[in-house]
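Have a look at start.tsv; it's TSV, C-alpha atoms:
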chain	number	residue	atom	x	y	z
A	5	MET	CA	0.00	0.00	0.00
A	6	THR	CA	1.29	3.47	-0.87
A	7	SER	CA	1.86	5.52	2.26
A	8	PHE	CA	0.62	9.06	2.76
A	9	GLN	CA	4.27	10.14	2.93
A	10	GLU	CA	4.95	8.62	-0.51
A	11	GLN	CA	1.80	10.06	-2.05
A	12	GLN	CA	2.37	13.60	-0.85
A	13	HIS	CA	6.03	14.42	-0.62
A	14	ALA	CA	7.93	11.37	-1.83
A	15	GLU	CA	10.83	11.84	0.59
A	16	ALA	CA	9.62	14.24	3.32
A	17	ARG	CA	6.96	13.72	5.92
A	18	PRO	CA	3.97	16.07	5.49
A	19	LEU	CA	3.46	18.70	8.17
A	20	ALA	CA	0.35	19.15	10.29
A	21	LEU	CA	-0.16	22.38	12.21
A	22	ILE	CA	-2.32	21.67	15.27
A	23	THR	CA	-3.57	24.48	17.49
A	24	GLY	CA	-4.53	24.18	21.14
A	25	VAL	CA	-2.08	21.51	22.28
A	26	GLY	CA	-1.48	22.76	25.80
A	27	ARG	CA	-1.84	19.60	27.90
A	28	SER	CA	-0.70	16.03	27.35
A	29	VAL	CA	-4.16	14.70	28.29
A	30	GLY	CA	-5.99	16.94	25.82
A	31	ILE	CA	-7.63	16.15	22.49
A	32	GLY	CA	-5.03	18.21	20.63
A	33	ALA	CA	-2.17	16.15	22.05
A	34	ALA	CA	-3.94	12.90	21.15
A	35	ILE	CA	-4.43	14.10	17.58
A	36	ALA	CA	-0.80	15.13	17.36
A	37	ARG	CA	0.33	11.71	18.59
A	38	ARG	CA	-1.96	9.84	16.17
A	39	LEU	CA	-0.81	11.90	13.18
A	40	ALA	CA	2.82	11.49	14.20
A	41	GLU	CA	2.28	7.73	14.25
A	42	SER	CA	0.78	8.00	10.76
A	43	GLY	CA	3.84	9.69	9.30
A	44	TRP	CA	3.29	13.40	9.88
A	45	ASP	CA	5.64	15.99	11.30
A	46	ILE	CA	3.89	18.21	13.83
A	47	ALA	CA	3.90	21.91	14.62
A	48	PHE	CA	1.62	22.79	17.50
A	49	THR	CA	0.50	25.83	19.45
A	50	TYR	CA	-0.23	26.30	23.13
A	51	TRP	CA	-1.12	29.23	25.38
A	52	THR	CA	-0.17	28.80	29.02
A	53	PRO	CA	-2.16	31.79	30.39
A	54	TYR	CA	-5.39	30.11	29.28
A	55	ASP	CA	-4.66	26.94	31.27
A	56	ALA	CA	-3.70	29.11	34.23
A	57	ARG	CA	-7.23	30.55	34.25
A	58	MET	CA	-8.85	27.12	34.14
A	59	ALA	CA	-9.62	24.79	37.05
A	60	TRP	CA	-7.08	22.20	35.89
A	61	GLY	CA	-4.21	24.71	35.91
A	62	VAL	CA	-0.94	24.71	34.01
A	63	GLN	CA	0.84	21.45	33.24
A	64	ARG	CA	4.47	22.38	33.74
A	65	GLY	CA	6.73	21.17	30.96
A	66	ALA	CA	3.78	20.09	28.81
A	67	SER	CA	5.16	21.32	25.48
A	68	GLU	CA	8.48	19.58	26.10
A	69	ALA	CA	6.76	16.34	27.15
A	70	ILE	CA	4.45	16.40	24.13
A	71	SER	CA	7.34	17.15	21.78
A	72	SER	CA	9.31	14.24	23.23
A	73	ASP	CA	6.33	11.93	22.81
A	74	LEU	CA	5.92	12.96	19.17
A	75	ALA	CA	9.63	12.53	18.51
A	76	GLU	CA	9.39	8.95	19.78
A	77	ALA	CA	6.76	8.40	17.08
A	78	GLY	CA	9.23	9.65	14.47
A	79	ALA	CA	8.00	13.22	14.05
A	80	ALA	CA	9.98	16.41	13.79
A	81	THR	CA	8.24	18.95	16.01
A	82	ALA	CA	7.91	22.66	16.64
A	83	ALA	CA	6.04	24.05	19.65
A	84	VAL	CA	4.84	27.64	19.29
A	85	GLU	CA	3.31	29.64	22.14
A	86	ALA	CA	0.58	31.86	20.71
A	87	ASP	CA	-2.30	33.92	22.02
A	88	LEU	CA	-4.86	33.41	19.26
A	89	ALA	CA	-6.91	36.32	20.57
A	90	ASP	CA	-4.24	38.44	18.90
A	91	PRO	CA	-5.20	38.90	15.23
A	92	GLU	CA	-1.51	38.94	14.26
A	93	ALA	CA	-0.84	35.55	15.85
A	94	PRO	CA	-2.00	33.24	13.02
A	95	ALA	CA	0.48	34.68	10.52
A	96	ARG	CA	3.28	34.47	13.09
A	97	VAL	CA	2.40	30.84	13.84
A	98	PHE	CA	2.59	29.91	10.16
A	99	ASP	CA	5.85	31.83	9.78
A	100	GLU	CA	7.39	29.89	12.66
A	101	ALA	CA	6.08	26.51	11.51
A	102	GLU	CA	7.39	27.08	7.99
A	103	ARG	CA	10.73	28.36	9.22
A	104	ARG	CA	11.33	25.37	11.43
A	105	LEU	CA	9.63	22.51	9.57
A	106	GLY	CA	8.45	23.59	6.11
A	107	PRO	CA	5.10	24.11	4.39
A	108	VAL	CA	1.90	23.10	6.17
A	109	THR	CA	-0.19	20.36	4.55
A	110	ALA	CA	-2.90	19.94	7.21
A	111	LEU	CA	-4.38	22.53	9.56
A	112	VAL	CA	-6.13	21.02	12.60
A	113	MET	CA	-7.73	23.51	15.00
A	114	CYS	CA	-8.27	22.36	18.58
A	115	HIS	CA	-7.81	25.70	20.32
A	116	CYS	CA	-10.63	27.26	22.29
A	117	GLU	CA	-11.79	29.77	24.83
A	118	SER	CA	-14.38	28.12	27.07
A	119	VAL	CA	-15.80	29.77	30.17
A	120	ASP	CA	-19.24	28.70	31.40
A	121	SER	CA	-21.85	31.47	31.42
A	122	GLY	CA	-25.39	31.98	30.16
A	123	LEU	CA	-27.51	34.63	28.51
A	124	LEU	CA	-27.90	36.72	31.63
A	125	ASP	CA	-24.43	36.58	33.16
A	126	THR	CA	-22.04	36.58	30.18
A	127	THR	CA	-19.94	39.75	30.13
A	128	VAL	CA	-19.19	41.67	26.97
A	129	GLU	CA	-15.48	41.10	27.55
A	130	SER	CA	-15.96	37.33	27.80
A	131	PHE	CA	-18.26	37.23	24.78
A	132	ASP	CA	-15.76	39.16	22.66
A	133	ARG	CA	-12.83	36.99	23.76
A	134	HIS	CA	-14.74	33.79	22.88
A	135	PHE	CA	-15.38	35.10	19.39
A	136	ALA	CA	-11.83	36.37	19.02
A	137	VAL	CA	-10.34	32.98	19.87
A	138	ASN	CA	-12.92	30.48	18.65
A	139	THR	CA	-14.21	32.29	15.58
A	140	ARG	CA	-11.92	35.06	14.37
A	141	ALA	CA	-8.73	33.06	14.90
A	142	THR	CA	-10.24	30.13	13.00
A	143	TRP	CA	-11.00	32.39	10.04
A	144	LEU	CA	-7.52	33.94	10.15
A	145	LEU	CA	-5.79	30.57	10.42
A	146	ILE	CA	-7.76	29.15	7.49
A	147	ARG	CA	-7.14	32.33	5.49
A	148	GLU	CA	-3.41	32.11	6.17
A	149	TYR	CA	-3.43	28.43	5.24
A	150	GLY	CA	-5.27	29.11	1.98
A	151	ARG	CA	-2.91	31.90	1.02
A	152	ARG	CA	0.17	29.76	1.60
A	153	PHE	CA	-0.85	26.24	0.60
A	154	SER	CA	1.18	24.97	-2.35
A	155	GLY	CA	0.99	21.19	-1.96
A	156	PRO	CA	-0.20	18.73	-4.58
A	157	HIS	CA	-3.87	19.04	-5.49
A	158	GLY	CA	-5.97	16.79	-3.23
A	159	THR	CA	-3.54	16.60	-0.32
A	160	GLY	CA	-4.57	19.65	1.72
A	161	ARG	CA	-6.69	19.24	4.84
A	162	VAL	CA	-8.52	21.58	7.21
A	163	VAL	CA	-10.20	20.14	10.31
A	164	SER	CA	-11.74	22.14	13.15
A	165	LEU	CA	-13.15	20.89	16.43
A	166	THR	CA	-16.57	22.25	17.32
A	167	SER	CA	-19.33	21.84	19.89
A	168	ASP	CA	-23.13	21.90	20.04
A	169	HIS	CA	-23.19	23.09	23.64
A	170	THR	CA	-25.32	26.19	24.20
A	171	VAL	CA	-27.33	26.23	27.45
A	172	GLY	CA	-25.24	27.71	30.24
A	173	ASN	CA	-22.34	28.03	27.85
A	174	LEU	CA	-23.57	30.78	25.54
A	175	PRO	CA	-20.38	32.46	24.29
A	176	TYR	CA	-18.62	29.13	23.74
A	177	GLY	CA	-21.51	27.52	21.87
A	178	ALA	CA	-22.27	30.60	19.79
A	179	SER	CA	-18.65	31.13	18.78
A	180	LYS	CA	-18.23	27.46	17.92
A	181	GLY	CA	-21.35	27.62	15.76
A	182	ALA	CA	-19.77	30.46	13.80
A	183	LEU	CA	-16.56	28.41	13.54
A	184	ASP	CA	-18.60	25.67	11.82
A	185	ARG	CA	-19.78	28.04	9.10
A	186	ILE	CA	-16.27	29.34	8.43
A	187	THR	CA	-14.86	25.82	8.16
A	188	LEU	CA	-17.61	24.59	5.86
A	189	ALA	CA	-17.18	27.65	3.64
A	190	ALA	CA	-13.53	26.69	3.26
A	191	ALA	CA	-14.56	23.38	1.67
A	192	HIS	CA	-15.89	25.39	-1.27
A	193	GLU	CA	-13.63	28.43	-1.31
A	194	LEU	CA	-10.43	26.36	-1.14
A	195	ALA	CA	-11.65	23.77	-3.63
A	196	HIS	CA	-9.37	25.15	-6.36
A	197	LEU	CA	-6.43	24.09	-4.16
A	198	GLY	CA	-7.75	20.56	-3.71
A	199	VAL	CA	-8.19	21.15	0.02
A	200	THR	CA	-10.90	19.43	2.04
A	201	ALA	CA	-12.40	21.10	5.11
A	202	ASN	CA	-14.52	19.47	7.81
A	203	ALA	CA	-15.71	20.26	11.32
A	204	VAL	CA	-15.77	17.52	13.98
A	205	ASN	CA	-17.99	17.57	17.07
A	206	PRO	CA	-16.50	15.02	19.49
A	207	GLY	CA	-19.18	15.49	22.13
A	208	PRO	CA	-18.20	15.63	25.80
A	209	VAL	CA	-14.69	14.23	26.22
A	210	ASP	CA	-13.34	14.19	29.74
A	211	THR	CA	-9.89	15.76	29.81
A	212	GLY	CA	-10.06	16.72	33.47
A	213	TRP	CA	-12.95	19.18	33.46
A	214	MET	CA	-15.84	16.83	34.27
A	215	SER	CA	-17.30	16.31	37.73
A	216	ASP	CA	-18.13	12.80	38.91
A	217	ASP	CA	-21.84	13.55	38.53
A	218	LEU	CA	-21.40	14.72	34.96
A	219	ARG	CA	-19.36	11.65	34.08
A	220	ASP	CA	-22.20	9.46	35.32
A	221	VAL	CA	-24.80	11.43	33.35
A	222	VAL	CA	-22.80	11.26	30.13
A	223	ARG	CA	-22.12	7.56	30.53
A	224	ARG	CA	-25.80	6.80	31.08
A	225	ARG	CA	-26.78	8.80	27.99
A	226	THR	CA	-24.26	7.02	25.76
A	227	PRO	CA	-25.34	3.67	24.25
A	228	LEU	CA	-21.79	2.34	24.40
A	229	ASP	CA	-21.78	3.01	28.18
A	230	ARG	CA	-18.48	4.84	28.35
A	231	LEU	CA	-17.04	8.31	28.02
A	232	GLY	CA	-15.44	9.56	24.86
A	233	THR	CA	-11.65	9.71	24.90
A	234	PRO	CA	-9.21	12.05	23.15
A	235	ARG	CA	-7.97	9.11	21.12
A	236	ASP	CA	-11.51	8.53	19.75
A	237	THR	CA	-11.37	11.99	18.20
A	238	ALA	CA	-7.80	11.49	17.08
A	239	HIS	CA	-8.71	8.40	15.05
A	240	LEU	CA	-11.37	10.33	13.13
A	241	VAL	CA	-9.07	13.28	12.44
A	242	ASP	CA	-6.35	10.88	11.32
A	243	PHE	CA	-8.77	9.36	8.80
A	244	LEU	CA	-9.87	12.76	7.51
A	245	CYS	CA	-6.24	13.75	7.00
A	246	SER	CA	-5.38	10.52	5.20
A	247	PRO	CA	-5.74	9.85	1.44
A	248	GLN	CA	-8.68	7.58	2.31
A	249	GLY	CA	-10.51	10.56	3.83
A	250	GLN	CA	-10.25	12.75	0.74
A	251	TRP	CA	-13.88	12.28	-0.33
A	252	VAL	CA	-15.24	13.52	3.00
A	253	ASN	CA	-15.54	17.26	2.51
A	254	GLY	CA	-17.69	20.12	3.76
A	255	GLN	CA	-19.16	18.04	6.57
A	256	LEU	CA	-20.09	18.65	10.19
A	257	LEU	CA	-19.29	15.26	11.69
A	258	THR	CA	-20.56	14.14	15.09
A	259	SER	CA	-18.44	11.46	16.78
A	260	ASN	CA	-19.86	10.95	20.26
A	261	GLY	CA	-20.71	7.27	20.65
A	262	GLY	CA	-24.43	7.92	20.04
A	263	LEU	CA	-24.89	10.34	22.96
A	264	SER	CA	-28.50	11.43	23.22
Once more with this new file: its structure as structure tokens, please.
Amino acid sequence: MTSFQEQQHAEARPLALITGVGRSVGIGAAIARRLAESGWDIAFTYWTPYDARMAWGVQRGASEAISSDLAEAGAATAAVEADLADPEAPARVFDEAERRLGPVTALVMCHCESVDSGLLDTTVESFDRHFAVNTRATWLLIREYGRRFSGPHGTGRVVSLTSDHTVGNLPYGASKGALDRITLAAAHELAHLGVTANAVNPGPVDTGWMSDDLRDVVRRRTPLDRLGTPRDTAHLVDFLCSPQGQWVNGQLLTSNGGLS
């Protein structure tokens, strides 16, 4: 069987740029590991101040640990700290990835701003930051990718992670909904480059943010009687980025074990 490496670059491993890889237990790190195992080099972004604001806190040495893990899978790596609320950050991230590893073949967006609040208690500042990170940065990253992509026709990939959560999580859900539209537009507007673009909703995946009660609720509502794992999402993204996933395009894919 012809490998993805042979199909795309003959001698060099293709490069995936993955945003939001701040913790080794996160979905972004699992996707990075899976793609590294499949023959990709990996550039990834992280933003420590975001983790510092969250209940789980900062994982010290995470970028080094993740880079080491990816290197064991054969990948060349580049970790880039970036505040994606800054509209200049996407271009800088691409500049750094290209400088250190070469042109980007796949863009996988796992970054997010996520702070629980509803219609009545969301602040304007929080609302604007959610849209800056989840929506505007997604547009700017895809725009930068489209402007720079020069790979063989049919090899380019854009994948974004989304969510259908709304109640009690207004700015997150609303900004992720806008992210969906931007990603699906890319499937048509980047078609001349042979790039596919899809959004993936992994459902609730416990990466340290769930309470025991919520874990029980999610498990009971899932026919397979277990929680989703980061690796579940990683397998789907790996497929979408592979030659076998080329015909899946412009889709909002739900991968949540049948959660109802």
Using only C-alpha atoms, which of A:Leu21, A:Arg235, A:Ser67, A:Ser264 sits nearest Ser164 (chain A)?
->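 The closest residue to Ser164 (chain A) is A:Leu21.
Distances to Ala66 (chain A) were evaluated for A:Gly150, A:Gly155, A:Gly26, A:Pro94 using only C-alpha atoms, and the minimum falls at A:Gly26.
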Give as a count of residues only every residue, naming chains and numbers as the document does, that has an atom within 12 Å of (10.4, 13.0, 17.1), counting only C-alpha atoms.
-> 26
Nearest to Gly122 (chain A) among A:Ile22, A:Leu240, A:Val171, A:Ala195, with distances taken over all atoms listed in the file: which residue is it?
->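 Among A:Ile22, A:Leu240, A:Val171, A:Ala195, it is A:Val171 that comes nearest to Gly122 (chain A).
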Hey, what's within 6 Å of Thr109 (chain A) if we count only C-alpha atoms and toss same-chain stuff fewer than 4 positions away? As JSON, numbers by chain, please?
-> {"A": [19, 20, 160]}
Go through A:Val108, A:Ala56, A:Ala182, A:Val252 and flag the residue nearest Ala201 (chain A), using all atoms listed in the file for the distances.
->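 Closest candidate: A:Val252.
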From the list A:Pro107, A:Tyr50, A:Leu218, A:Ala16, which residue is nearest Ser28 (chain A) when using all atoms listed in the file?
->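 Closest residue, counting all atoms listed in the file: A:Tyr50.
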Counting only C-alpha atoms, which of A:Asp184, A:Arg96, A:Leu231, A:Asp120 gets nearest to Asp216 (chain A)?
->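 Of all the options, A:Leu231 lies closest to Asp216 (chain A).
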Could you jot down the CA of Arg38 (chain A) to CA of Thr237 (chain A) separation for me, Å, one decimal place?
->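 Separating CA of Arg38 (chain A) from CA of Thr237 (chain A) is a distance of 9.9 Å.
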For Leu228 (chain A): contacts at 7 Å, all atoms listed in the file, fewer than 2 positions along chain excluded, given as a list in words =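 These residues fall inside the cut-off: Thr226, Arg230 and Gly261 of chain A.
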Contacts of region 137-141 of chain A within 12 Å, only C-alpha atoms, excl. fewer than 4 positions in-chain, as a ChimeraX atom specification = /A:23-24,51,54,86-95,97,113-119,130-133,145-149,164-167,175-187
Fewer than 4 positions away in the same chain doesn't count, so skip those; otherwise give me all residues within 10 Å of Asp236 (chain A), counting all atoms listed in the file, as a ChimeraX atom specification.
-> /A:31,34-35,206,209,231-232,240-241,259-261
Using CA of Leu256 (chain A) and CA of Val84 (chain A) as the two end points, give the distance in Å to one decimal.
->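 Computing it gives 28.0 Å between the two atoms.
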Within 8 Å of (-16.1, 23.2, 4.4), all atoms listed in the file: residues as an MDAnalysis selection string?
-> chainID A and resid 185:192 200:203 253:255
Measure the distance from CA of Arg103 (chain A) to CA of Ser154 (chain A) in Å and round it to one decimal.
->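 Taking CA of Arg103 (chain A) and CA of Ser154 (chain A), their separation equals 15.4 Å.
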